[in-house]
file my_file-v5.cif (mmCIF, C-alpha atoms and all ligand atoms)
data_start
#
loop_
_atom_site.label_atom_id
_atom_site.label_comp_id
_atom_site.auth_asym_id
_atom_site.auth_seq_id
_atom_site.Cartn_x
_atom_site.Cartn_y
_atom_site.Cartn_z
CA MET A 1 115.47 40.04 69.36
CA SER A 2 114.28 40.44 65.79
CA SER A 3 114.12 37.68 63.20
CA THR A 4 115.63 38.97 60.00
CA ALA A 5 117.46 37.15 57.25
CA ILE A 6 121.21 37.33 56.90
CA PRO A 7 121.75 39.76 53.98
CA GLY A 8 122.32 37.92 50.74
CA THR A 9 120.92 34.66 52.08
CA ALA A 10 117.64 33.37 50.71
CA LEU A 11 115.34 32.05 53.41
CA PRO A 12 114.67 28.40 52.73
CA SER A 13 111.24 26.88 52.79
CA ALA A 14 110.19 23.33 53.56
CA ALA A 15 110.66 22.72 49.82
CA THR A 16 114.41 23.30 50.14
CA THR A 17 115.83 19.80 50.38
CA SER A 18 119.52 20.52 50.92
CA THR A 19 121.52 23.23 52.65
CA VAL A 20 125.26 23.64 53.01
CA VAL A 21 126.61 25.71 55.89
CA ASP A 22 130.21 26.61 55.14
CA ASN A 23 132.93 28.88 56.46
CA ILE A 24 132.43 27.39 59.96
CA GLY A 25 135.08 28.37 62.53
CA VAL A 26 134.60 25.25 64.67
CA LEU A 27 132.06 22.52 63.91
CA LEU A 28 131.12 20.41 66.94
CA THR A 29 129.59 17.14 65.76
CA HIS A 30 130.28 14.85 68.76
CA ASP A 31 131.35 12.31 66.15
CA SER A 32 133.36 9.57 67.87
CA GLU A 33 136.25 9.75 65.36
CA LYS A 34 136.39 13.52 64.98
CA PRO A 35 134.24 15.28 67.57
CA GLU A 36 135.15 18.76 66.33
CA LEU A 37 136.66 20.23 63.20
CA ALA A 38 138.04 23.70 62.36
CA ASN A 39 137.33 25.48 59.02
CA ALA A 40 134.45 23.14 58.32
CA ALA A 41 131.20 22.80 56.43
CA ILE A 42 128.09 20.68 56.98
CA VAL A 43 125.32 19.58 54.63
CA PHE A 44 121.71 18.99 55.65
CA GLU A 45 119.50 16.98 53.30
CA ASN A 46 115.86 16.08 53.82
CA GLY A 47 116.07 17.14 57.45
CA ARG A 48 119.13 15.04 58.29
CA VAL A 49 122.90 15.55 58.40
CA ALA A 50 124.19 14.21 55.08
CA TRP A 51 127.85 15.23 55.14
CA TRP A 52 130.43 17.26 57.02
CA GLY A 53 134.09 17.95 56.37
CA ALA A 54 136.56 20.66 55.39
CA SER A 55 134.92 23.86 54.17
CA ALA A 56 137.22 23.76 51.11
CA ASP A 57 135.68 20.41 50.10
CA SER A 58 132.04 21.32 50.64
CA PRO A 59 129.62 20.14 47.96
CA SER A 60 126.96 22.40 46.48
CA ALA A 61 123.39 22.35 47.74
CA ASP A 62 120.03 24.06 47.08
CA LEU A 63 120.92 26.73 49.63
CA ARG A 64 124.22 28.03 50.96
CA VAL A 65 124.52 29.65 54.41
CA ASP A 66 127.79 31.38 55.27
CA ALA A 67 128.67 30.89 58.96
CA HIS A 68 131.15 33.82 58.74
CA GLY A 69 133.66 31.89 60.86
CA GLY A 70 131.11 31.20 63.60
CA CYS A 71 130.84 27.99 65.59
CA VAL A 72 128.21 25.40 64.59
CA LEU A 73 127.00 22.91 67.18
CA PRO A 74 123.99 20.66 67.80
CA GLY A 75 120.80 22.32 69.02
CA PHE A 76 120.41 22.02 72.77
CA VAL A 77 118.22 19.24 74.17
CA ASP A 78 116.48 20.66 77.24
CA SER A 79 115.40 17.52 79.09
CA HIS A 80 113.52 19.18 81.98
CA SER A 81 110.97 22.00 81.88
CA HIS A 82 107.57 22.97 83.25
CA LEU A 83 106.28 25.38 80.59
CA VAL A 84 102.51 25.02 81.04
CA PHE A 85 101.55 27.44 83.79
CA ALA A 86 100.10 30.87 84.48
CA GLY A 87 101.22 33.60 86.84
CA ASP A 88 104.32 35.12 88.32
CA ARG A 89 106.28 34.33 91.49
CA SER A 90 108.99 36.95 91.30
CA ASP A 91 108.08 37.98 94.85
CA GLU A 92 109.26 34.56 96.08
CA PHE A 93 112.50 34.97 94.14
CA GLU A 94 113.10 38.32 95.75
CA SER A 95 112.47 37.03 99.25
CA ARG A 96 114.82 34.09 98.63
CA MET A 97 117.52 36.52 97.58
CA ALA A 98 116.93 38.19 100.94
CA GLY A 99 117.47 34.89 102.76
CA ARG A 100 114.15 33.03 102.80
CA ARG A 101 114.42 29.33 101.91
CA TYR A 102 112.77 27.62 98.94
CA GLU A 103 109.82 25.37 99.78
CA ALA A 104 107.95 22.92 97.55
CA GLY A 105 104.68 24.47 98.72
CA GLY A 106 105.06 27.49 96.39
CA ILE A 107 103.93 25.15 93.61
CA ARG A 108 100.35 25.43 94.94
CA ARG A 109 100.27 29.15 94.10
CA THR A 110 100.95 28.37 90.47
CA VAL A 111 98.41 25.55 90.54
CA ALA A 112 95.66 27.94 91.64
CA LEU A 113 96.47 30.43 88.86
CA SER A 114 96.96 27.80 86.18
CA ARG A 115 93.64 26.10 86.86
CA GLU A 116 91.91 29.43 86.27
CA ALA A 117 93.73 30.14 83.01
CA SER A 118 92.16 29.32 79.65
CA ASP A 119 93.75 26.93 77.16
CA GLU A 120 94.62 29.94 75.00
CA GLU A 121 96.43 31.70 77.85
CA LEU A 122 98.39 28.60 78.84
CA LEU A 123 99.35 27.84 75.26
CA ALA A 124 100.37 31.43 74.52
CA ASN A 125 102.63 31.47 77.60
CA ALA A 126 104.22 28.10 76.82
CA SER A 127 104.69 29.02 73.14
CA ALA A 128 106.39 32.30 74.06
CA LEU A 129 108.81 30.39 76.29
CA ILE A 130 109.54 27.96 73.45
CA VAL A 131 110.37 30.91 71.21
CA GLU A 132 112.74 32.22 73.91
CA MET A 133 114.36 28.79 74.11
CA ARG A 134 114.71 28.48 70.37
CA ARG A 135 116.42 31.87 70.13
CA GLN A 136 118.96 30.55 72.60
CA GLY A 137 119.71 27.38 70.66
CA THR A 138 117.26 24.83 72.08
CA THR A 139 115.75 22.54 69.45
CA THR A 140 114.29 19.73 71.63
CA VAL A 141 112.36 20.33 74.84
CA GLU A 142 110.67 18.08 77.37
CA ILE A 143 107.57 19.57 79.02
CA LYS A 144 105.98 18.36 82.25
CA SER A 145 102.50 18.89 83.60
CA GLY A 146 102.25 19.37 87.35
CA TYR A 147 100.39 22.67 87.77
CA GLY A 148 96.93 21.18 87.25
CA LEU A 149 96.80 18.44 89.91
CA SER A 150 93.21 17.47 89.05
CA VAL A 151 92.16 14.89 86.48
CA HIS A 152 90.72 17.59 84.22
CA ASP A 153 93.61 20.07 84.50
CA GLU A 154 96.49 17.60 84.29
CA ALA A 155 94.99 16.07 81.13
CA ARG A 156 94.30 19.54 79.72
CA MET A 157 97.87 20.71 80.32
CA LEU A 158 99.37 17.57 78.80
CA ARG A 159 97.11 17.91 75.77
CA LEU A 160 98.43 21.47 75.32
CA ALA A 161 102.05 20.38 75.90
CA SER A 162 101.72 17.64 73.31
CA THR A 163 100.98 20.28 70.66
CA LEU A 164 104.47 21.69 71.35
CA THR A 165 106.65 18.58 71.83
CA SER A 166 106.51 14.81 71.73
CA GLU A 167 108.53 14.72 74.99
CA THR A 168 105.63 15.16 77.41
CA THR A 169 105.76 14.09 81.05
CA PHE A 170 102.87 13.43 83.44
CA LEU A 171 103.75 15.02 86.80
CA GLY A 172 100.46 14.68 88.69
CA ALA A 173 102.71 13.84 91.67
CA HIS A 174 104.27 17.30 91.88
CA VAL A 175 102.80 18.15 95.29
CA VAL A 176 99.61 17.11 97.10
CA PRO A 177 97.07 19.80 96.14
CA ALA A 178 95.42 21.90 98.86
CA GLU A 179 92.09 20.04 98.72
CA PHE A 180 93.81 16.70 99.56
CA VAL A 181 96.20 17.77 102.33
CA ASP A 182 94.17 15.87 104.93
CA ASP A 183 94.01 12.70 102.84
CA ARG A 184 97.18 12.33 100.81
CA ALA A 185 96.57 8.59 100.32
CA ALA A 186 93.41 9.46 98.39
CA TYR A 187 95.40 11.82 96.16
CA VAL A 188 98.04 9.15 95.46
CA ARG A 189 95.22 6.74 94.49
CA LEU A 190 93.76 9.38 92.19
CA VAL A 191 97.13 9.98 90.49
CA MET A 192 97.69 6.25 89.95
CA GLY A 193 94.12 5.65 88.80
CA GLU A 194 91.77 8.06 87.09
CA MET A 195 94.40 10.78 86.52
CA LEU A 196 96.88 8.38 84.95
CA ASP A 197 94.09 7.01 82.72
CA ALA A 198 93.30 10.52 81.50
CA CYS A 199 96.95 11.60 81.07
CA ALA A 200 98.72 8.52 79.70
CA PRO A 201 97.42 9.05 76.14
CA HIS A 202 99.15 12.46 76.04
CA SER A 203 102.38 11.46 77.80
CA ARG A 204 105.60 9.68 77.00
CA TRP A 205 106.96 9.87 80.54
CA ILE A 206 105.86 9.81 84.19
CA ASP A 207 107.69 11.83 86.85
CA VAL A 208 107.37 12.20 90.65
CA PHE A 209 108.81 14.94 92.88
CA CYS A 210 110.29 12.69 95.59
CA ASP A 211 111.47 15.08 98.29
CA ASP A 212 110.61 16.84 101.53
CA GLY A 213 107.17 18.45 101.27
CA ALA A 214 106.29 16.49 98.13
CA PHE A 215 106.08 12.66 97.86
CA THR A 216 107.66 9.89 99.96
CA GLU A 217 109.75 7.09 98.51
CA GLU A 218 106.94 4.61 99.10
CA GLU A 219 104.43 6.81 97.29
CA THR A 220 106.94 7.43 94.50
CA ARG A 221 107.54 3.70 94.00
CA ALA A 222 103.81 3.07 93.67
CA ILE A 223 103.14 5.98 91.28
CA ILE A 224 106.13 5.31 89.02
CA GLY A 225 105.22 1.60 88.95
CA ALA A 226 101.68 2.43 87.86
CA GLY A 227 102.99 4.65 85.06
CA GLN A 228 105.46 2.04 83.88
CA ALA A 229 102.67 -0.54 83.81
CA ARG A 230 100.89 1.80 81.38
CA GLY A 231 103.97 1.95 79.15
CA LEU A 232 105.31 5.33 80.30
CA GLY A 233 109.04 5.81 80.81
CA ALA A 234 110.16 6.85 84.30
CA ARG A 235 111.81 10.11 85.32
CA MET A 236 112.19 11.56 88.80
CA HIS A 237 112.82 14.78 90.69
CA GLY A 238 115.16 13.77 93.53
CA ALA A 239 117.64 15.10 96.08
CA GLN A 240 116.71 18.74 95.43
CA LEU A 241 116.11 19.73 99.03
CA GLY A 242 118.22 17.21 100.94
CA GLU A 243 119.81 13.75 100.89
CA SER A 244 117.31 10.91 100.67
CA GLY A 245 116.83 7.52 99.09
CA ALA A 246 115.34 9.10 95.95
CA VAL A 247 118.39 8.73 93.73
CA GLN A 248 118.86 5.06 94.59
CA LEU A 249 115.15 4.51 94.08
CA ALA A 250 115.36 6.10 90.61
CA VAL A 251 118.19 3.72 89.72
CA GLU A 252 116.30 0.74 91.12
CA LEU A 253 113.17 1.64 89.12
CA GLY A 254 115.21 2.04 85.93
CA ALA A 255 114.34 5.73 85.56
CA ALA A 256 115.83 7.32 82.45
CA SER A 257 116.83 10.34 84.52
CA VAL A 258 116.85 11.62 88.09
CA ASP A 259 116.97 15.39 88.11
CA HIS A 260 118.30 17.99 90.57
CA CYS A 261 120.83 15.71 92.42
CA THR A 262 121.78 18.68 94.58
CA TYR A 263 122.44 16.60 97.72
CA LEU A 264 124.22 13.34 96.88
CA SER A 265 125.85 10.74 99.16
CA ASP A 266 128.73 8.59 97.94
CA VAL A 267 126.29 5.68 97.73
CA ASP A 268 124.07 7.75 95.40
CA VAL A 269 127.02 8.55 93.15
CA ASP A 270 128.05 4.86 93.01
CA ALA A 271 124.49 3.82 92.22
CA LEU A 272 124.28 6.32 89.36
CA ALA A 273 127.70 5.33 88.03
CA GLY A 274 126.70 1.69 87.75
CA SER A 275 123.41 2.44 86.00
CA SER A 276 121.91 3.85 82.82
CA THR A 277 120.06 6.53 84.82
CA VAL A 278 121.19 10.00 83.81
CA ALA A 279 121.81 12.66 86.48
CA GLY A 280 119.95 15.78 85.32
CA LEU A 281 121.65 18.89 86.69
CA LEU A 282 119.64 22.12 86.87
CA PRO A 283 121.92 24.99 87.90
CA GLY A 284 119.19 27.58 87.27
CA VAL A 285 117.57 26.15 90.42
CA GLU A 286 120.67 26.59 92.53
CA PHE A 287 121.03 30.12 91.16
CA SER A 288 117.45 30.97 92.01
CA THR A 289 117.13 29.18 95.37
CA LYS A 290 120.63 29.74 96.76
CA HIS A 291 121.09 26.02 97.36
CA PRO A 292 124.67 24.88 96.68
CA PHE A 293 125.72 24.21 93.09
CA VAL A 294 126.26 20.53 92.32
CA ASP A 295 129.84 19.28 92.12
CA ALA A 296 129.53 17.88 88.62
CA ARG A 297 133.21 16.97 88.61
CA ARG A 298 132.49 14.34 91.26
CA LEU A 299 129.83 12.80 89.03
CA LEU A 300 131.84 12.94 85.81
CA ASP A 301 134.92 11.46 87.47
CA ALA A 302 132.79 8.60 88.77
CA GLY A 303 131.54 7.89 85.23
CA VAL A 304 127.97 9.16 85.68
CA THR A 305 126.16 10.39 82.55
CA VAL A 306 125.15 13.98 83.15
CA ALA A 307 122.53 16.17 81.46
CA LEU A 308 122.21 19.92 81.86
CA ALA A 309 118.70 21.37 81.63
CA SER A 310 116.85 24.61 82.39
CA ASP A 311 114.01 23.32 84.62
CA CYS A 312 112.21 26.41 83.31
CA ASN A 313 109.34 27.01 85.77
CA PRO A 314 107.92 30.05 87.58
CA GLY A 315 109.10 28.99 91.04
CA SER A 316 112.58 27.54 91.33
CA SER A 317 114.20 28.46 87.99
CA PHE A 318 112.55 30.91 85.64
CA THR A 319 115.15 30.78 82.91
CA SER A 320 114.72 29.41 79.39
CA SER A 321 118.42 29.79 78.67
CA ILE A 322 120.70 26.79 78.25
CA PRO A 323 123.67 29.12 77.57
CA PHE A 324 123.08 30.58 81.06
CA CYS A 325 123.09 27.04 82.51
CA ILE A 326 126.32 26.25 80.64
CA ALA A 327 127.96 29.38 82.04
CA LEU A 328 126.91 28.41 85.59
CA ALA A 329 128.12 24.83 85.09
CA VAL A 330 131.54 26.05 84.01
CA ARG A 331 131.83 28.77 86.65
CA GLU A 332 130.35 26.91 89.61
CA MET A 333 130.15 23.14 88.98
CA GLY A 334 133.62 22.13 87.86
CA MET A 335 132.75 21.34 84.26
CA THR A 336 134.82 22.26 81.22
CA THR A 337 132.89 24.14 78.56
CA LEU A 338 132.99 21.07 76.33
CA GLU A 339 131.58 18.88 79.13
CA ALA A 340 128.83 21.42 79.80
CA VAL A 341 127.92 21.71 76.11
CA ALA A 342 127.97 17.91 75.80
CA ALA A 343 125.68 17.62 78.84
CA ALA A 344 123.23 20.08 77.23
CA THR A 345 123.23 18.21 73.91
CA LEU A 346 124.23 14.53 74.08
CA GLY A 347 123.38 14.30 77.79
CA GLY A 348 119.89 15.72 77.23
CA ALA A 349 119.37 13.23 74.42
CA ARG A 350 120.45 10.35 76.69
CA SER A 351 118.10 11.60 79.37
CA LEU A 352 115.24 11.45 76.87
CA ARG A 353 116.51 8.25 75.27
CA LEU A 354 116.67 9.93 71.86
CA ALA A 355 119.38 8.62 69.52
CA ASP A 356 119.20 11.11 66.66
CA VAL A 357 119.42 14.49 68.39
CA GLY A 358 122.15 16.14 70.50
CA HIS A 359 124.88 15.43 67.94
CA LEU A 360 125.57 16.12 64.25
CA ARG A 361 126.84 12.74 63.06
CA VAL A 362 125.76 11.76 59.55
CA GLY A 363 122.12 10.63 59.80
CA ALA A 364 121.27 12.80 62.84
CA ARG A 365 118.29 15.15 62.72
CA ALA A 366 119.54 18.44 61.28
CA ASN A 367 118.93 20.39 64.51
CA ALA A 368 121.82 22.81 64.77
CA GLN A 369 122.80 26.36 65.67
CA ILE A 370 125.31 28.93 64.47
CA LEU A 371 126.99 31.18 67.04
CA ASP A 372 128.35 34.64 66.47
CA ALA A 373 131.53 33.38 68.14
CA PRO A 374 134.52 31.44 66.83
CA ASN A 375 134.13 28.50 69.24
CA TYR A 376 131.71 27.05 71.80
CA ARG A 377 133.83 28.24 74.75
CA HIS A 378 132.24 31.65 74.22
CA LEU A 379 128.98 30.19 75.59
CA ALA A 380 130.56 30.42 79.08
CA TYR A 381 133.19 33.07 78.35
CA ARG A 382 130.53 35.61 77.27
CA PRO A 383 127.74 35.00 79.80
CA GLY A 384 124.45 36.71 79.15
CA VAL A 385 125.33 37.62 75.57
CA PRO A 386 122.89 36.41 72.88
CA LEU A 387 125.34 34.56 70.63
CA VAL A 388 122.96 32.37 68.63
CA THR A 389 122.41 33.84 65.16
CA THR A 390 120.80 30.93 63.36
CA VAL A 391 118.90 27.80 64.34
CA PHE A 392 118.05 24.89 62.04
CA LEU A 393 115.15 22.63 62.93
CA ASP A 394 115.13 19.46 60.85
CA GLY A 395 117.26 21.28 58.30
CA VAL A 396 114.95 24.29 58.01
CA LEU A 397 116.10 27.73 59.15
CA ASP A 398 113.92 28.61 62.12
CA VAL A 399 115.66 31.58 63.76
CA VAL A 400 117.94 34.02 62.02
CA LYS A 401 119.27 37.30 63.33
CA HIS A 402 122.03 39.62 62.31
CA PRO A 403 125.42 38.87 63.73
CA HIS A 404 126.57 42.18 65.34
O1 LIG B 1 111.80 21.22 89.37
N1 LIG B 1 111.00 20.51 92.27
C1 LIG B 1 109.87 20.53 91.88
N2 LIG B 1 109.37 21.21 90.86
C2 LIG B 1 109.96 22.35 90.29
C3 LIG B 1 109.65 23.58 91.05
C4 LIG B 1 108.34 24.06 90.74
C5 LIG B 1 107.91 25.32 91.44
O2 LIG B 1 108.51 25.79 92.42
O3 LIG B 1 106.88 25.83 90.96
C6 LIG B 1 111.45 22.13 90.13
O4 LIG B 1 112.28 22.82 90.72
FE FE B 2 111.39 20.37 87.77
#

call {"tool": "encode", "arguments": {"input": "my_file-v5.cif", "output": "structure tokens"}}
result
Amino acid sequence: MSSTAIPGTALPSAATTSTVVDNIGVLLTHDSEKPELANAAIVFENGRVAWWGASADSPSADLRVDAHGGCVLPGFVDSHSHLVFAGDRSDEFESRMAGRRYEAGGIRRTVALSREASDEELLANASALIVEMRRQGTTTVEIKSGYGLSVHDEARMLRLASTLTSETTFLGAHVVPAEFVDDRAAYVRLVMGEMLDACAPHSRWIDVFCDDGAFTEEETRAIIGAGQARGLGARMHGAQLGESGAVQLAVELGAASVDHCTYLSDVDVDALAGSSTVAGLLPGVEFSTKHPFVDARRLLDAGVTVALASDCNPGSSFTSSIPFCIALAVREMGMTTLEAVAAATLGGARSLRLADVGHLRVGARANAQILDAPNYRHLAYRPGVPLVTTVFLDGVLDVVKHPH
């Protein structure tokens, strides 16, 4: 995918203070009064949404971008990714497609390779994945550690991640590393002690993989509690590999999000529905592990807030594409396209407790995308097709490619 300017459109610089995007086929703002508008325009000023309305009424601005009838929507908020790693596990993917089951232990392969990689290699890999994400409409991304699993490497990976996003998550409790398999209690103490001390300054969040082959509920409670005591917000991986108490534990601990939710009991769904914990759904994992797709309809009908994220990682879901996740959610999870798009924008923002992204109400950060498609339904209707032509990051054009 090349990055070239739309003919006749001047590329703005940081000095450009206002931009009007007009001739929009459908503008999706998620505004409570008027969530979407046909034949619309939107104005970005000083990095924020300043106005939106009918294209015929659009005011002038320093720069004009013609959407050519395309759809404009908020940039995607990808609330779950593991971008700091080295190495390839396509062999595992292939054997899963032939019937082998996914196991948490594959994480240790990536740990071994990532520990050996230099800062430059890790950063180059993560940056390339961010570019992929951006070209597919993602403007906010959360990045977890979890492939270092030593004090030095977890802190190193979070330091690198924090150069790419402010949404960094300490996941020292991803799996017990090979050198601690005979003394997992010692590893849990390390995570809660010296490792947390080294990682907290680079992290906004703490996460634990609470599942078979990873960490128990008791260990999870202790680790999350230690992170919260240090001022980190809580997130969890739960119910990926089977039903357990992880989802109810996430609710009890006040986690902002519990992600995967592949195997849910009715009690889990009720607990989520009565809470502010978001259910993070990661259909790239189900695609890539052949576990069953989540029945999102069941969650939405119960009133659960749902986020849709990539979980981009080399083991269980090596996709950077939110449009792919939207297509899977619509095809396999019982969501309408609007619900899936909302889960990948507003839902991601709720998962990260961010108020000014994931929508385009006046005052929001001007993080938006233009599609070479008349409406957002094309995100599922045209799976695998690169529809994003333009991305704005804080009002500045970041990705532009030719429509057609
Ligand atoms: O979110 N579930 C745990 N962690 C990742 C998988 C990581 C891996 O397999 O390398 C996930 O799916
Ligand atoms: Fe994950």

call {"tool": "closest_residue", "arguments": {"input": "my_file-v5.cif", "among": "A:Val258, A:Leu352, A:Ile130, A:Leu73", "to": "ligand LIG 1 (chain B)", "atoms": "only C-alpha atoms and all ligand atoms"}}
result
A:Val258

call {"tool": "residues_near_point", "arguments": {"input": "my_file-v5.cif", "point": "(130.2, 14.8, 87.1)", "cutoff": "12 Å", "atoms": "all atoms listed in the file", "output": "PDB file with C-alpha atoms, keeping the file's coordinate frame"}}
result
ATOM      1  CA  CYS A 261     120.830  15.710  92.420  1.00  0.00           C
ATOM      2  CA  THR A 262     121.780  18.680  94.580  1.00  0.00           C
ATOM      3  CA  LEU A 264     124.220  13.340  96.880  1.00  0.00           C
ATOM      4  CA  VAL A 269     127.020   8.550  93.150  1.00  0.00           C
ATOM      5  CA  ASP A 270     128.050   4.860  93.010  1.00  0.00           C
ATOM      6  CA  LEU A 272     124.280   6.320  89.360  1.00  0.00           C
ATOM      7  CA  ALA A 273     127.700   5.330  88.030  1.00  0.00           C
ATOM      8  CA  VAL A 278     121.190  10.000  83.810  1.00  0.00           C
ATOM      9  CA  ALA A 279     121.810  12.660  86.480  1.00  0.00           C
ATOM     10  CA  GLY A 280     119.950  15.780  85.320  1.00  0.00           C
ATOM     11  CA  LEU A 281     121.650  18.890  86.690  1.00  0.00           C
ATOM     12  CA  VAL A 294     126.260  20.530  92.320  1.00  0.00           C
ATOM     13  CA  ASP A 295     129.840  19.280  92.120  1.00  0.00           C
ATOM     14  CA  ALA A 296     129.530  17.880  88.620  1.00  0.00           C
ATOM     15  CA  ARG A 297     133.210  16.970  88.610  1.00  0.00           C
ATOM     16  CA  ARG A 298     132.490  14.340  91.260  1.00  0.00           C
ATOM     17  CA  LEU A 299     129.830  12.800  89.030  1.00  0.00           C
ATOM     18  CA  LEU A 300     131.840  12.940  85.810  1.00  0.00           C
ATOM     19  CA  ASP A 301     134.920  11.460  87.470  1.00  0.00           C
ATOM     20  CA  ALA A 302     132.790   8.600  88.770  1.00  0.00           C
ATOM     21  CA  GLY A 303     131.540   7.890  85.230  1.00  0.00           C
ATOM     22  CA  VAL A 304     127.970   9.160  85.680  1.00  0.00           C
ATOM     23  CA  THR A 305     126.160  10.390  82.550  1.00  0.00           C
ATOM     24  CA  VAL A 306     125.150  13.980  83.150  1.00  0.00           C
ATOM     25  CA  ALA A 307     122.530  16.170  81.460  1.00  0.00           C
ATOM     26  CA  LEU A 308     122.210  19.920  81.860  1.00  0.00           C
ATOM     27  CA  ALA A 329     128.120  24.830  85.090  1.00  0.00           C
ATOM     28  CA  VAL A 330     131.540  26.050  84.010  1.00  0.00           C
ATOM     29  CA  MET A 333     130.150  23.140  88.980  1.00  0.00           C
ATOM     30  CA  GLY A 334     133.620  22.130  87.860  1.00  0.00           C
ATOM     31  CA  MET A 335     132.750  21.340  84.260  1.00  0.00           C
ATOM     32  CA  THR A 336     134.820  22.260  81.220  1.00  0.00           C
ATOM     33  CA  GLU A 339     131.580  18.880  79.130  1.00  0.00           C
ATOM     34  CA  ALA A 340     128.830  21.420  79.800  1.00  0.00           C
ATOM     35  CA  ALA A 342     127.970  17.910  75.800  1.00  0.00           C
ATOM     36  CA  ALA A 343     125.680  17.620  78.840  1.00  0.00           C
ATOM     37  CA  GLY A 347     123.380  14.300  77.790  1.00  0.00           C
TER      38      GLY A 347
END

call {"tool": "residues_near_ligand", "arguments": {"input": "my_file-v5.cif", "ligand": "ligand FE 2 (chain B)", "cutoff": "7 Å", "atoms": "all atoms listed in the file", "output": "list in words"}}
result
His80, Ser81, His82, His237 and Asp311 of chain A

call {"tool": "atom_distance", "arguments": {"input": "my_file-v5.cif", "atom1": "CA of Val175 in chain A", "atom2": "CA of Ser351 in chain A"}}
result
23.0 Å

call {"tool": "closest_atom_pairs", "arguments": {"input": "my_file-v5.cif", "of": "chain A", "to": "ligand LIG 1 (chain B)", "cutoff": "7 Å", "atoms": "all atoms listed in the file", "output": "JSON lines"}}
result
{"residue": "A:Ala104", "atom": "CA", "partner": "B:LIG1", "partner_atom": "O2", "distance": 5.9}
{"residue": "A:Gly106", "atom": "CA", "partner": "B:LIG1", "partner_atom": "O2", "distance": 5.5}
{"residue": "A:Ile107", "atom": "CA", "partner": "B:LIG1", "partner_atom": "O3", "distance": 4.0}
{"residue": "A:Thr110", "atom": "CA", "partner": "B:LIG1", "partner_atom": "O3", "distance": 6.5}
{"residue": "A:His174", "atom": "CA", "partner": "B:LIG1", "partner_atom": "C1", "distance": 6.5}
{"residue": "A:Phe209", "atom": "CA", "partner": "B:LIG1", "partner_atom": "C1", "distance": 5.8}
{"residue": "A:His237", "atom": "CA", "partner": "B:LIG1", "partner_atom": "N1", "distance": 6.2}
{"residue": "A:Gln240", "atom": "CA", "partner": "B:LIG1", "partner_atom": "N1", "distance": 6.8}
{"residue": "A:Val285", "atom": "CA", "partner": "B:LIG1", "partner_atom": "O4", "distance": 6.3}
{"residue": "A:Asp311", "atom": "CA", "partner": "B:LIG1", "partner_atom": "O1", "distance": 5.6}
{"residue": "A:Asn313", "atom": "CA", "partner": "B:LIG1", "partner_atom": "O3", "distance": 5.9}
{"residue": "A:Pro314", "atom": "CA", "partner": "B:LIG1", "partner_atom": "O3", "distance": 5.5}
{"residue": "A:Gly315", "atom": "CA", "partner": "B:LIG1", "partner_atom": "O2", "distance": 3.5}
{"residue": "A:Ser316", "atom": "CA", "partner": "B:LIG1", "partner_atom": "O2", "distance": 4.6}
{"residue": "A:Ser317", "atom": "CA", "partner": "B:LIG1", "partner_atom": "O4", "distance": 6.6}

call {"tool": "residues_around", "arguments": {"input": "my_file-v5.cif", "residues": "Ala200 in chain A", "least_positions_apart": "6", "cutoff": "10 Å", "atoms": "only C-alpha atoms", "output": "ChimeraX atom specification"}}
result
/A:155,158,168-170,206,227,230-232

call {"tool": "residues_near_point", "arguments": {"input": "my_file-v5.cif", "point": "(119.7, 16.1, 102.6)", "cutoff": "6 Å", "atoms": "all atoms listed in the file", "output": "ChimeraX atom specification"}}
result
/A:242-243,263

call {"tool": "axis_aligned_box", "arguments": {"input": "my_file-v5.cif", "around": "range 312-321 of chain A", "padding_each_side": "4 Å", "output": "AutoDock Vina command-line options"}}
result
--center_x 113.2 --center_y 28.7 --center_z 85.0 --size_x 18.5 --size_y 12.5 --size_z 20.7

call {"tool": "atom_distance", "arguments": {"input": "my_file-v5.cif", "atom1": "CA of Ala67 in chain A", "atom2": "CA of Thr17 in chain A"}}
result
19.0 Å

call {"tool": "closest_residue", "arguments": {"input": "my_file-v5.cif", "among": "A:Cys312, A:Pro59, A:Asp31, A:Leu346", "to": "Ala126 in chain A", "atoms": "all atoms listed in the file"}}
result
A:Cys312

call {"tool": "residues_around", "arguments": {"input": "my_file-v5.cif", "residues": "Asn125 in chain A", "least_positions_apart": "2", "cutoff": "8 Å", "atoms": "all atoms listed in the file", "output": "ChimeraX atom specification"}}
result
/A:83-86,121-123,127-129

call {"tool": "closest_residue", "arguments": {"input": "my_file-v5.cif", "among": "A:Ser55, A:Thr165, A:Ser288, A:Asn46", "to": "Leu27 in chain A", "atoms": "all atoms listed in the file"}}
result
A:Ser55

call {"tool": "closest_residue", "arguments": {"input": "my_file-v5.cif", "among": "A:Ile143, A:Asp394, A:Cys210, A:Ala344", "to": "Gly363 in chain A", "atoms": "only C-alpha atoms"}}
result
A:Asp394

call {"tool": "residues_around", "arguments": {"input": "my_file-v5.cif", "residues": "Met133 in chain A", "least_positions_apart": "3", "cutoff": "9 Å", "atoms": "only C-alpha atoms", "output": "mmCIF file with C-alpha atoms, in the coordinates of the input"}}
result
data_model
loop_
_atom_site.group_PDB
_atom_site.id
_atom_site.type_symbol
_atom_site.label_atom_id
_atom_site.label_comp_id
_atom_site.auth_asym_id
_atom_site.auth_seq_id
_atom_site.Cartn_x
_atom_site.Cartn_y
_atom_site.Cartn_z
ATOM 1 C CA ASP A 78 116.480 20.660 77.240
ATOM 2 C CA ALA A 128 106.390 32.300 74.060
ATOM 3 C CA LEU A 129 108.810 30.390 76.290
ATOM 4 C CA ILE A 130 109.540 27.960 73.450
ATOM 5 C CA GLN A 136 118.960 30.550 72.600
ATOM 6 C CA GLY A 137 119.710 27.380 70.660
ATOM 7 C CA THR A 138 117.260 24.830 72.080
ATOM 8 C CA THR A 139 115.750 22.540 69.450
ATOM 9 C CA VAL A 141 112.360 20.330 74.840
ATOM 10 C CA SER A 320 114.720 29.410 79.390
ATOM 11 C CA SER A 321 118.420 29.790 78.670
ATOM 12 C CA ILE A 322 120.700 26.790 78.250
#
